[in-house]
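Structure file final.json with JSON, N, CA, C and O atoms:
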```
[["chain", "number", "residue", "atom", "x", "y", "z"],
["A", 1, "LEU", "N", 102.26, -90.57, 92.15],
["A", 1, "LEU", "CA", 101.17, -91.16, 91.40],
["A", 1, "LEU", "C", 99.88, -90.90, 92.18],
["A", 1, "LEU", "O", 99.72, -91.36, 93.29],
["A", 2, "ILE", "N", 99.00, -90.15, 91.57],
["A", 2, "ILE", "CA", 97.71, -89.85, 92.19],
["A", 2, "ILE", "C", 96.61, -90.17, 91.18],
["A", 2, "ILE", "O", 96.89, -90.47, 90.02],
["A", 3, "LYS", "N", 95.38, -90.09, 91.64],
["A", 3, "LYS", "CA", 94.25, -90.41, 90.77],
["A", 3, "LYS", "C", 94.20, -89.50, 89.55],
["A", 3, "LYS", "O", 93.81, -89.92, 88.46],
["A", 4, "LYS", "N", 94.65, -88.27, 89.69],
["A", 4, "LYS", "CA", 94.60, -87.29, 88.61],
["A", 4, "LYS", "C", 95.51, -87.67, 87.44],
["A", 4, "LYS", "O", 95.17, -87.42, 86.29],
["A", 5, "ASN", "N", 96.66, -88.27, 87.71],
["A", 5, "ASN", "CA", 97.58, -88.61, 86.63],
["A", 5, "ASN", "C", 97.74, -90.12, 86.42],
["A", 5, "ASN", "O", 98.66, -90.54, 85.72],
["A", 6, "ALA", "N", 96.86, -90.92, 86.97],
["A", 6, "ALA", "CA", 96.93, -92.37, 86.80],
["A", 6, "ALA", "C", 96.70, -92.78, 85.35],
["A", 6, "ALA", "O", 97.30, -93.75, 84.87],
["A", 7, "GLY", "N", 95.87, -92.05, 84.62],
["A", 7, "GLY", "CA", 95.62, -92.35, 83.22],
["A", 7, "GLY", "C", 96.87, -92.17, 82.37],
["A", 7, "GLY", "O", 97.18, -92.99, 81.51],
["A", 8, "LEU", "N", 97.61, -91.10, 82.63],
["A", 8, "LEU", "CA", 98.86, -90.86, 81.91],
["A", 8, "LEU", "C", 99.88, -91.94, 82.22],
["A", 8, "LEU", "O", 100.58, -92.42, 81.33],
["A", 9, "PHE", "N", 99.97, -92.32, 83.50],
["A", 9, "PHE", "CA", 100.89, -93.39, 83.89],
["A", 9, "PHE", "C", 100.56, -94.68, 83.15],
["A", 9, "PHE", "O", 101.44, -95.33, 82.60],
["A", 10, "THR", "N", 99.28, -95.04, 83.14],
["A", 10, "THR", "CA", 98.86, -96.27, 82.46],
["A", 10, "THR", "C", 99.16, -96.20, 80.97],
["A", 10, "THR", "O", 99.65, -97.17, 80.39],
["A", 11, "LEU", "N", 98.88, -95.07, 80.35],
["A", 11, "LEU", "CA", 99.15, -94.90, 78.93],
["A", 11, "LEU", "C", 100.63, -95.06, 78.61],
["A", 11, "LEU", "O", 101.00, -95.81, 77.70],
["A", 12, "LEU", "N", 101.50, -94.38, 79.35],
["A", 12, "LEU", "CA", 102.94, -94.48, 79.11],
["A", 12, "LEU", "C", 103.46, -95.88, 79.38],
["A", 12, "LEU", "O", 104.32, -96.38, 78.67],
["A", 13, "PHE", "N", 102.94, -96.53, 80.41],
["A", 13, "PHE", "CA", 103.35, -97.89, 80.74],
["A", 13, "PHE", "C", 102.99, -98.85, 79.61],
["A", 13, "PHE", "O", 103.83, -99.63, 79.15],
["A", 14, "ILE", "N", 101.77, -98.78, 79.12],
["A", 14, "ILE", "CA", 101.31, -99.70, 78.07],
["A", 14, "ILE", "C", 102.02, -99.39, 76.75],
["A", 14, "ILE", "O", 102.44, -100.32, 76.05],
["A", 15, "LEU", "N", 102.17, -98.13, 76.40],
["A", 15, "LEU", "CA", 102.89, -97.78, 75.17],
["A", 15, "LEU", "C", 104.34, -98.23, 75.23],
["A", 15, "LEU", "O", 104.89, -98.73, 74.24],
["A", 16, "GLY", "N", 104.98, -98.07, 76.38],
["A", 16, "GLY", "CA", 106.36, -98.53, 76.54],
["A", 16, "GLY", "C", 106.45, -100.05, 76.45],
["A", 16, "GLY", "O", 107.36, -100.59, 75.82],
["A", 17, "LEU", "N", 105.50, -100.74, 77.05],
["A", 17, "LEU", "CA", 105.47, -102.20, 77.02],
["A", 17, "LEU", "C", 105.33, -102.71, 75.59],
["A", 17, "LEU", "O", 106.08, -103.58, 75.14],
["A", 18, "ILE", "N", 104.40, -102.15, 74.85],
["A", 18, "ILE", "CA", 104.16, -102.59, 73.47],
["A", 18, "ILE", "C", 105.32, -102.23, 72.56],
["A", 18, "ILE", "O", 105.78, -103.06, 71.77],
["A", 19, "SER", "N", 105.82, -101.01, 72.67],
["A", 19, "SER", "CA", 106.94, -100.61, 71.80],
["A", 19, "SER", "C", 108.20, -101.40, 72.12],
["A", 19, "SER", "O", 108.96, -101.76, 71.21],
["A", 20, "GLY", "N", 108.44, -101.70, 73.38],
["A", 20, "GLY", "CA", 109.60, -102.52, 73.75],
["A", 20, "GLY", "C", 109.48, -103.94, 73.21],
["A", 20, "GLY", "O", 110.46, -104.53, 72.76],
["A", 21, "THR", "N", 108.27, -104.49, 73.25],
["A", 21, "THR", "CA", 108.04, -105.83, 72.72],
["A", 21, "THR", "C", 108.31, -105.88, 71.22],
["A", 21, "THR", "O", 109.00, -106.78, 70.73],
["A", 22, "PHE", "N", 107.78, -104.90, 70.49],
["A", 22, "PHE", "CA", 108.01, -104.86, 69.04],
["A", 22, "PHE", "C", 109.48, -104.63, 68.70],
["A", 22, "PHE", "O", 110.02, -105.25, 67.79],
["A", 23, "ALA", "N", 110.14, -103.74, 69.43],
["A", 23, "ALA", "CA", 111.55, -103.46, 69.17],
["A", 23, "ALA", "C", 112.41, -104.71, 69.41],
["A", 23, "ALA", "O", 113.32, -105.01, 68.63],
["A", 24, "TRP", "N", 112.12, -105.45, 70.48],
["A", 24, "TRP", "CA", 112.88, -106.67, 70.76],
["A", 24, "TRP", "C", 112.63, -107.72, 69.67],
["A", 24, "TRP", "O", 113.56, -108.43, 69.26],
["A", 25, "GLU", "N", 111.40, -107.83, 69.22],
["A", 25, "GLU", "CA", 111.08, -108.78, 68.16],
["A", 25, "GLU", "C", 111.84, -108.44, 66.87],
["A", 25, "GLU", "O", 112.37, -109.33, 66.20],
["A", 26, "ILE", "N", 111.91, -107.17, 66.54],
["A", 26, "ILE", "CA", 112.66, -106.75, 65.36],
["A", 26, "ILE", "C", 114.14, -107.07, 65.53],
["A", 26, "ILE", "O", 114.79, -107.57, 64.61],
["A", 27, "LEU", "N", 114.68, -106.81, 66.73],
["A", 27, "LEU", "CA", 116.08, -107.12, 67.00],
["A", 27, "LEU", "C", 116.35, -108.62, 66.85],
["A", 27, "LEU", "O", 117.36, -109.02, 66.26],
["A", 28, "GLU", "N", 115.45, -109.45, 67.39],
["A", 28, "GLU", "CA", 115.62, -110.90, 67.26],
["A", 28, "GLU", "C", 115.61, -111.34, 65.80],
["A", 28, "GLU", "O", 116.40, -112.20, 65.41],
["A", 29, "ARG", "N", 114.74, -110.78, 65.01],
["A", 29, "ARG", "CA", 114.67, -111.15, 63.59],
["A", 29, "ARG", "C", 115.90, -110.70, 62.82],
["A", 29, "ARG", "O", 116.38, -111.41, 61.94],
["A", 30, "ILE", "N", 116.43, -109.52, 63.14],
["A", 30, "ILE", "CA", 117.66, -109.05, 62.49],
["A", 30, "ILE", "C", 118.82, -109.97, 62.86],
["A", 30, "ILE", "O", 119.63, -110.34, 62.01],
["A", 31, "LEU", "N", 118.91, -110.34, 64.14],
["A", 31, "LEU", "CA", 119.97, -111.25, 64.57],
["A", 31, "LEU", "C", 119.81, -112.63, 63.93],
["A", 31, "LEU", "O", 120.81, -113.28, 63.62],
["A", 32, "GLN", "N", 118.58, -113.06, 63.74],
["A", 32, "GLN", "CA", 118.34, -114.35, 63.10],
["A", 32, "GLN", "C", 118.81, -114.33, 61.64],
["A", 32, "GLN", "O", 119.40, -115.29, 61.16],
["A", 33, "ILE", "N", 118.58, -113.24, 60.95],
["A", 33, "ILE", "CA", 119.06, -113.09, 59.57],
["A", 33, "ILE", "C", 120.59, -113.10, 59.55],
["A", 33, "ILE", "O", 121.20, -113.65, 58.64],
["A", 34, "ALA", "N", 121.20, -112.51, 60.58],
["A", 34, "ALA", "CA", 122.66, -112.46, 60.66],
["A", 34, "ALA", "C", 123.26, -113.80, 61.08],
["A", 34, "ALA", "O", 124.47, -113.95, 61.09],
["A", 35, "GLY", "N", 122.43, -114.75, 61.46],
["A", 35, "GLY", "CA", 122.91, -116.08, 61.81],
["A", 35, "GLY", "C", 123.03, -116.34, 63.30],
["A", 35, "GLY", "O", 123.56, -117.37, 63.71],
["A", 36, "VAL", "N", 122.57, -115.41, 64.12],
["A", 36, "VAL", "CA", 122.62, -115.58, 65.57],
["A", 36, "VAL", "C", 121.23, -115.95, 66.06],
["A", 36, "VAL", "O", 120.29, -115.18, 65.91],
["A", 37, "GLY", "N", 121.10, -117.15, 66.64],
["A", 37, "GLY", "CA", 119.81, -117.58, 67.16],
["A", 37, "GLY", "C", 119.60, -117.08, 68.57],
["A", 37, "GLY", "O", 120.36, -117.40, 69.48],
["A", 38, "LEU", "N", 118.59, -116.27, 68.78],
["A", 38, "LEU", "CA", 118.31, -115.69, 70.09],
["A", 38, "LEU", "C", 116.81, -115.75, 70.32],
["A", 38, "LEU", "O", 116.03, -115.18, 69.55],
["A", 39, "ASP", "N", 116.40, -116.44, 71.37],
["A", 39, "ASP", "CA", 114.97, -116.54, 71.69],
["A", 39, "ASP", "C", 114.80, -116.47, 73.19],
["A", 39, "ASP", "O", 114.91, -117.48, 73.88],
["A", 40, "LEU", "N", 114.55, -115.28, 73.72],
["A", 40, "LEU", "CA", 114.40, -115.09, 75.15],
["A", 40, "LEU", "C", 112.95, -114.79, 75.55],
["A", 40, "LEU", "O", 112.69, -114.38, 76.65],
["A", 41, "GLY", "N", 112.02, -114.99, 74.64],
["A", 41, "GLY", "CA", 110.62, -114.67, 74.90],
["A", 41, "GLY", "C", 109.92, -115.73, 75.73],
["A", 41, "GLY", "O", 110.30, -116.90, 75.74],
["A", 42, "VAL", "N", 108.91, -115.30, 76.42],
["A", 42, "VAL", "CA", 108.03, -116.18, 77.17],
["A", 42, "VAL", "C", 106.77, -116.34, 76.34],
["A", 42, "VAL", "O", 106.42, -115.45, 75.57],
["A", 43, "GLY", "N", 106.06, -117.43, 76.48],
["A", 43, "GLY", "CA", 104.85, -117.65, 75.70],
["A", 43, "GLY", "C", 103.88, -116.50, 75.77],
["A", 43, "GLY", "O", 103.98, -115.62, 76.63],
["A", 44, "PRO", "N", 102.93, -116.47, 74.87],
["A", 44, "PRO", "CA", 101.99, -115.34, 74.82],
["A", 44, "PRO", "C", 101.12, -115.25, 76.08],
["A", 44, "PRO", "O", 100.66, -116.25, 76.60],
["A", 45, "ILE", "N", 100.93, -114.02, 76.53],
["A", 45, "ILE", "CA", 100.10, -113.73, 77.69],
["A", 45, "ILE", "C", 98.95, -112.86, 77.21],
["A", 45, "ILE", "O", 99.17, -111.88, 76.51],
["A", 46, "GLY", "N", 97.74, -113.21, 77.56],
["A", 46, "GLY", "CA", 96.62, -112.40, 77.11],
["A", 46, "GLY", "C", 95.30, -113.06, 77.46],
["A", 46, "GLY", "O", 95.21, -113.87, 78.38],
["A", 47, "PHE", "N", 94.27, -112.71, 76.69],
["A", 47, "PHE", "CA", 92.95, -113.27, 76.92],
["A", 47, "PHE", "C", 92.23, -113.50, 75.60],
["A", 47, "PHE", "O", 92.53, -112.88, 74.60],
["A", 48, "ASP", "N", 91.27, -114.40, 75.63],
["A", 48, "ASP", "CA", 90.48, -114.74, 74.45],
["A", 48, "ASP", "C", 89.01, -114.78, 74.86],
["A", 48, "ASP", "O", 88.62, -115.58, 75.71],
["A", 49, "LEU", "N", 88.20, -113.91, 74.27],
["A", 49, "LEU", "CA", 86.77, -113.84, 74.60],
["A", 49, "LEU", "C", 85.89, -114.39, 73.48],
["A", 49, "LEU", "O", 84.72, -114.08, 73.41],
["A", 50, "ASP", "N", 86.45, -115.20, 72.62],
["A", 50, "ASP", "CA", 85.79, -115.78, 71.45],
["A", 50, "ASP", "C", 85.45, -114.74, 70.38],
["A", 50, "ASP", "O", 85.31, -115.06, 69.23],
["A", 51, "VAL", "N", 85.26, -113.51, 70.77],
["A", 51, "VAL", "CA", 85.00, -112.44, 69.81],
["A", 51, "VAL", "C", 86.27, -111.60, 69.62],
["A", 51, "VAL", "O", 86.58, -111.15, 68.53],
["A", 52, "LEU", "N", 87.00, -111.45, 70.70],
["A", 52, "LEU", "CA", 88.21, -110.64, 70.70],
["A", 52, "LEU", "C", 89.30, -111.41, 71.41],
["A", 52, "LEU", "O", 89.09, -111.94, 72.51],
["A", 53, "ALA", "N", 90.46, -111.50, 70.78],
["A", 53, "ALA", "CA", 91.61, -112.16, 71.40],
["A", 53, "ALA", "C", 92.78, -111.19, 71.40],
["A", 53, "ALA", "O", 93.11, -110.61, 70.37],
["A", 54, "VAL", "N", 93.39, -111.01, 72.56],
["A", 54, "VAL", "CA", 94.54, -110.12, 72.69],
["A", 54, "VAL", "C", 95.65, -110.89, 73.39],
["A", 54, "VAL", "O", 95.45, -111.43, 74.48],
["A", 55, "TYR", "N", 96.80, -110.98, 72.74],
["A", 55, "TYR", "CA", 97.95, -111.68, 73.30],
["A", 55, "TYR", "C", 99.19, -110.82, 73.14],
["A", 55, "TYR", "O", 99.33, -110.09, 72.15],
["A", 56, "LEU", "N", 100.10, -110.91, 74.08],
["A", 56, "LEU", "CA", 101.35, -110.18, 74.04],
["A", 56, "LEU", "C", 102.46, -111.14, 74.42],
["A", 56, "LEU", "O", 102.38, -111.83, 75.44],
["A", 57, "THR", "N", 103.48, -111.24, 73.58],
["A", 57, "THR", "CA", 104.63, -112.07, 73.89],
["A", 57, "THR", "C", 105.57, -111.26, 74.76],
["A", 57, "THR", "O", 106.03, -110.19, 74.36],
["A", 58, "VAL", "N", 105.85, -111.75, 75.94],
["A", 58, "VAL", "CA", 106.69, -111.03, 76.88],
["A", 58, "VAL", "C", 108.14, -111.44, 76.65],
["A", 58, "VAL", "O", 108.45, -112.62, 76.56],
["A", 59, "ASN", "N", 109.01, -110.45, 76.52],
["A", 59, "ASN", "CA", 110.43, -110.68, 76.32],
["A", 59, "ASN", "C", 111.20, -109.58, 77.06],
["A", 59, "ASN", "O", 110.59, -108.70, 77.66],
["A", 60, "PRO", "N", 112.52, -109.61, 77.05],
["A", 60, "PRO", "CA", 113.27, -108.55, 77.76],
["A", 60, "PRO", "C", 112.95, -107.14, 77.26],
["A", 60, "PRO", "O", 113.00, -106.18, 78.03],
["A", 61, "GLY", "N", 112.61, -107.00, 75.99],
["A", 61, "GLY", "CA", 112.22, -105.70, 75.47],
["A", 61, "GLY", "C", 110.95, -105.17, 76.11],
["A", 61, "GLY", "O", 110.79, -103.96, 76.29],
["A", 62, "SER", "N", 110.05, -106.07, 76.47],
["A", 62, "SER", "CA", 108.82, -105.67, 77.15],
["A", 62, "SER", "C", 109.15, -105.02, 78.49],
["A", 62, "SER", "O", 108.60, -103.97, 78.84],
["A", 63, "LEU", "N", 110.06, -105.64, 79.22],
["A", 63, "LEU", "CA", 110.44, -105.09, 80.53],
["A", 63, "LEU", "C", 111.19, -103.77, 80.38],
["A", 63, "LEU", "O", 110.95, -102.83, 81.14],
["A", 64, "LEU", "N", 112.07, -103.69, 79.40],
["A", 64, "LEU", "CA", 112.80, -102.43, 79.16],
["A", 64, "LEU", "C", 111.85, -101.32, 78.72],
["A", 64, "LEU", "O", 111.98, -100.17, 79.15],
["A", 65, "GLY", "N", 110.89, -101.66, 77.87],
["A", 65, "GLY", "CA", 109.92, -100.67, 77.41],
["A", 65, "GLY", "C", 109.02, -100.18, 78.53],
["A", 65, "GLY", "O", 108.75, -98.99, 78.65],
["A", 66, "ALA", "N", 108.55, -101.11, 79.36],
["A", 66, "ALA", "CA", 107.71, -100.73, 80.50],
["A", 66, "ALA", "C", 108.50, -99.86, 81.47],
["A", 66, "ALA", "O", 107.99, -98.85, 81.98],
["A", 67, "GLY", "N", 109.74, -100.23, 81.70],
["A", 67, "GLY", "CA", 110.60, -99.41, 82.57],
["A", 67, "GLY", "C", 110.83, -98.03, 81.99],
["A", 67, "GLY", "O", 110.86, -97.03, 82.72],
["A", 68, "SER", "N", 110.98, -97.96, 80.68],
["A", 68, "SER", "CA", 111.16, -96.66, 80.02],
["A", 68, "SER", "C", 109.90, -95.80, 80.15],
["A", 68, "SER", "O", 109.98, -94.59, 80.33],
["A", 69, "GLY", "N", 108.74, -96.44, 80.04],
["A", 69, "GLY", "CA", 107.49, -95.70, 80.21],
["A", 69, "GLY", "C", 107.35, -95.14, 81.61],
["A", 69, "GLY", "O", 106.93, -93.99, 81.80],
["A", 70, "ILE", "N", 107.72, -95.93, 82.61],
["A", 70, "ILE", "CA", 107.67, -95.46, 84.00],
["A", 70, "ILE", "C", 108.67, -94.34, 84.21],
["A", 70, "ILE", "O", 108.36, -93.32, 84.85],
["A", 71, "PHE", "N", 109.89, -94.50, 83.67],
["A", 71, "PHE", "CA", 110.91, -93.46, 83.78],
["A", 71, "PHE", "C", 110.43, -92.16, 83.15],
["A", 71, "PHE", "O", 110.59, -91.08, 83.72],
["A", 72, "LEU", "N", 109.85, -92.26, 81.97],
["A", 72, "LEU", "CA", 109.34, -91.08, 81.28],
["A", 72, "LEU", "C", 108.23, -90.40, 82.08],
["A", 72, "LEU", "O", 108.17, -89.18, 82.17],
["A", 73, "PHE", "N", 107.37, -91.20, 82.70],
["A", 73, "PHE", "CA", 106.30, -90.63, 83.51],
["A", 73, "PHE", "C", 106.87, -89.80, 84.66],
["A", 73, "PHE", "O", 106.41, -88.68, 84.93],
["A", 74, "PHE", "N", 107.86, -90.34, 85.34],
["A", 74, "PHE", "CA", 108.41, -89.61, 86.50],
["A", 74, "PHE", "C", 109.27, -88.43, 86.07],
["A", 74, "PHE", "O", 109.47, -87.50, 86.86],
["A", 75, "ARG", "N", 109.78, -88.44, 84.85],
["A", 75, "ARG", "CA", 110.56, -87.30, 84.35],
["A", 75, "ARG", "C", 109.65, -86.16, 83.90],
["A", 75, "ARG", "O", 110.09, -85.02, 83.81],
["A", 76, "LEU", "N", 108.40, -86.47, 83.55],
["A", 76, "LEU", "CA", 107.47, -85.40, 83.15],
["A", 76, "LEU", "C", 107.02, -84.72, 84.39],
["A", 76, "LEU", "O", 106.56, -83.90, 84.76]]
```

Would you kindly transcribe this structure into structure tokens?
Amino acid sequence: LIKKNAGLFTLLFILGLISGTFAWEILERILQIAGVGLDLGVGPIGFDLDVLAVYLTVNPGSLLGAGSGIFLFFRL
């Protein structure tokens, strides 16, 4: 990891984090429809500037997605 490729690392990390969060949320909703109650998420983490509010619910999918982004970065 050097200054030259730090932008790519950040991009892959954030994309992996967001996609993992959404994938886990979809999995939880499918399991809920099937009758299995599963809620492993942590409360929303983010910031609110009165004009712009950004929150992300952290769950195991977030960690798996972020790890996948890091793995992909080192494989490139």

At what distance in Å, to one decimal, does atom CA of A:Gly20 lie from atom CA of A:Leu38? 16.2 Å

So how far away is atom C of A:Gln32 from atom C of A:Tyr55, in Å? 23.0 Å

Counting only N, CA, C and O atoms, which of A:Ala53, A:Ile30, A:Val42, A:Leu63 gets nearest to A:Ile18?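 Among the listed residues, A:Leu63 lies closest to A:Ile18.
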
Output as a ChimeraX atom specification all residues of chain A that backbone DSSP marks as alpha helix (DSSP H). /A:6-33,60-75

Among the residues of stretch 13-75 of chain A, find those DSSP assigns to strand (DSSP E) from the backbone and print them as a ChimeraX atom specification. /A:44-48,53-57

Just-selected residues, N, CA, C and O atoms written as a JSON list (two decimals), in the frame of the given file:
```
[["chain", "number", "residue", "atom", "x", "y", "z"],
["A", 44, "PRO", "N", 102.93, -116.47, 74.87],
["A", 44, "PRO", "CA", 101.99, -115.34, 74.82],
["A", 44, "PRO", "C", 101.12, -115.25, 76.08],
["A", 44, "PRO", "O", 100.66, -116.25, 76.60],
["A", 45, "ILE", "N", 100.93, -114.02, 76.53],
["A", 45, "ILE", "CA", 100.10, -113.73, 77.69],
["A", 45, "ILE", "C", 98.95, -112.86, 77.21],
["A", 45, "ILE", "O", 99.17, -111.88, 76.51],
["A", 46, "GLY", "N", 97.74, -113.21, 77.56],
["A", 46, "GLY", "CA", 96.62, -112.40, 77.11],
["A", 46, "GLY", "C", 95.30, -113.06, 77.46],
["A", 46, "GLY", "O", 95.21, -113.87, 78.38],
["A", 47, "PHE", "N", 94.27, -112.71, 76.69],
["A", 47, "PHE", "CA", 92.95, -113.27, 76.92],
["A", 47, "PHE", "C", 92.23, -113.50, 75.60],
["A", 47, "PHE", "O", 92.53, -112.88, 74.60],
["A", 48, "ASP", "N", 91.27, -114.40, 75.63],
["A", 48, "ASP", "CA", 90.48, -114.74, 74.45],
["A", 48, "ASP", "C", 89.01, -114.78, 74.86],
["A", 48, "ASP", "O", 88.62, -115.58, 75.71],
["A", 53, "ALA", "N", 90.46, -111.50, 70.78],
["A", 53, "ALA", "CA", 91.61, -112.16, 71.40],
["A", 53, "ALA", "C", 92.78, -111.19, 71.40],
["A", 53, "ALA", "O", 93.11, -110.61, 70.37],
["A", 54, "VAL", "N", 93.39, -111.01, 72.56],
["A", 54, "VAL", "CA", 94.54, -110.12, 72.69],
["A", 54, "VAL", "C", 95.65, -110.89, 73.39],
["A", 54, "VAL", "O", 95.45, -111.43, 74.48],
["A", 55, "TYR", "N", 96.80, -110.98, 72.74],
["A", 55, "TYR", "CA", 97.95, -111.68, 73.30],
["A", 55, "TYR", "C", 99.19, -110.82, 73.14],
["A", 55, "TYR", "O", 99.33, -110.09, 72.15],
["A", 56, "LEU", "N", 100.10, -110.91, 74.08],
["A", 56, "LEU", "CA", 101.35, -110.18, 74.04],
["A", 56, "LEU", "C", 102.46, -111.14, 74.42],
["A", 56, "LEU", "O", 102.38, -111.83, 75.44],
["A", 57, "THR", "N", 103.48, -111.24, 73.58],
["A", 57, "THR", "CA", 104.63, -112.07, 73.89],
["A", 57, "THR", "C", 105.57, -111.26, 74.76],
["A", 57, "THR", "O", 106.03, -110.19, 74.36]]
```

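Near A:Leu72, within 10 Å and counting only C-alpha atoms, sit Phe9, Leu12, Phe13, Gly16, Ala66, Gly67, Ser68, Gly69, Arg75 and Leu76 of chain A; same-chain residues fewer than 3 positions away were not included.
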
Using all atoms listed in the file, find all polymer residues with an atom at most 5 Å away from the point (97.2, -112.5, 73.9); report them as a PyMOL selection string. chain A and resi 45-47+54-56

Would you work out the distance separating atom CA of A:Pro44 from atom O of A:Phe22, expressed in Å to one decimal?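 So the answer is 14.7 Å.
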
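Comparing the minimum interatomic distances between A:Leu64 and each of A:Leu8, A:Leu17, A:Ala23, A:Val36, counting only N, CA, C and O atoms, we find that A:Leu17 sits nearest.
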
Taking only C-alpha atoms into account, name the residue in A:Ile2, A:Leu40, A:Gly7, A:Leu49 that is nearest to A:Trp24.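 Closest to A:Trp24 of all the choices is A:Leu40.
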
May I have the residues within 9 Å of A:Gly43 as a list in words, using only C-alpha atoms and disregarding those fewer than 5 positions away in the same chain?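 Everything that qualifies: Leu56, Thr57, Val58 and Asn59 of chain A.
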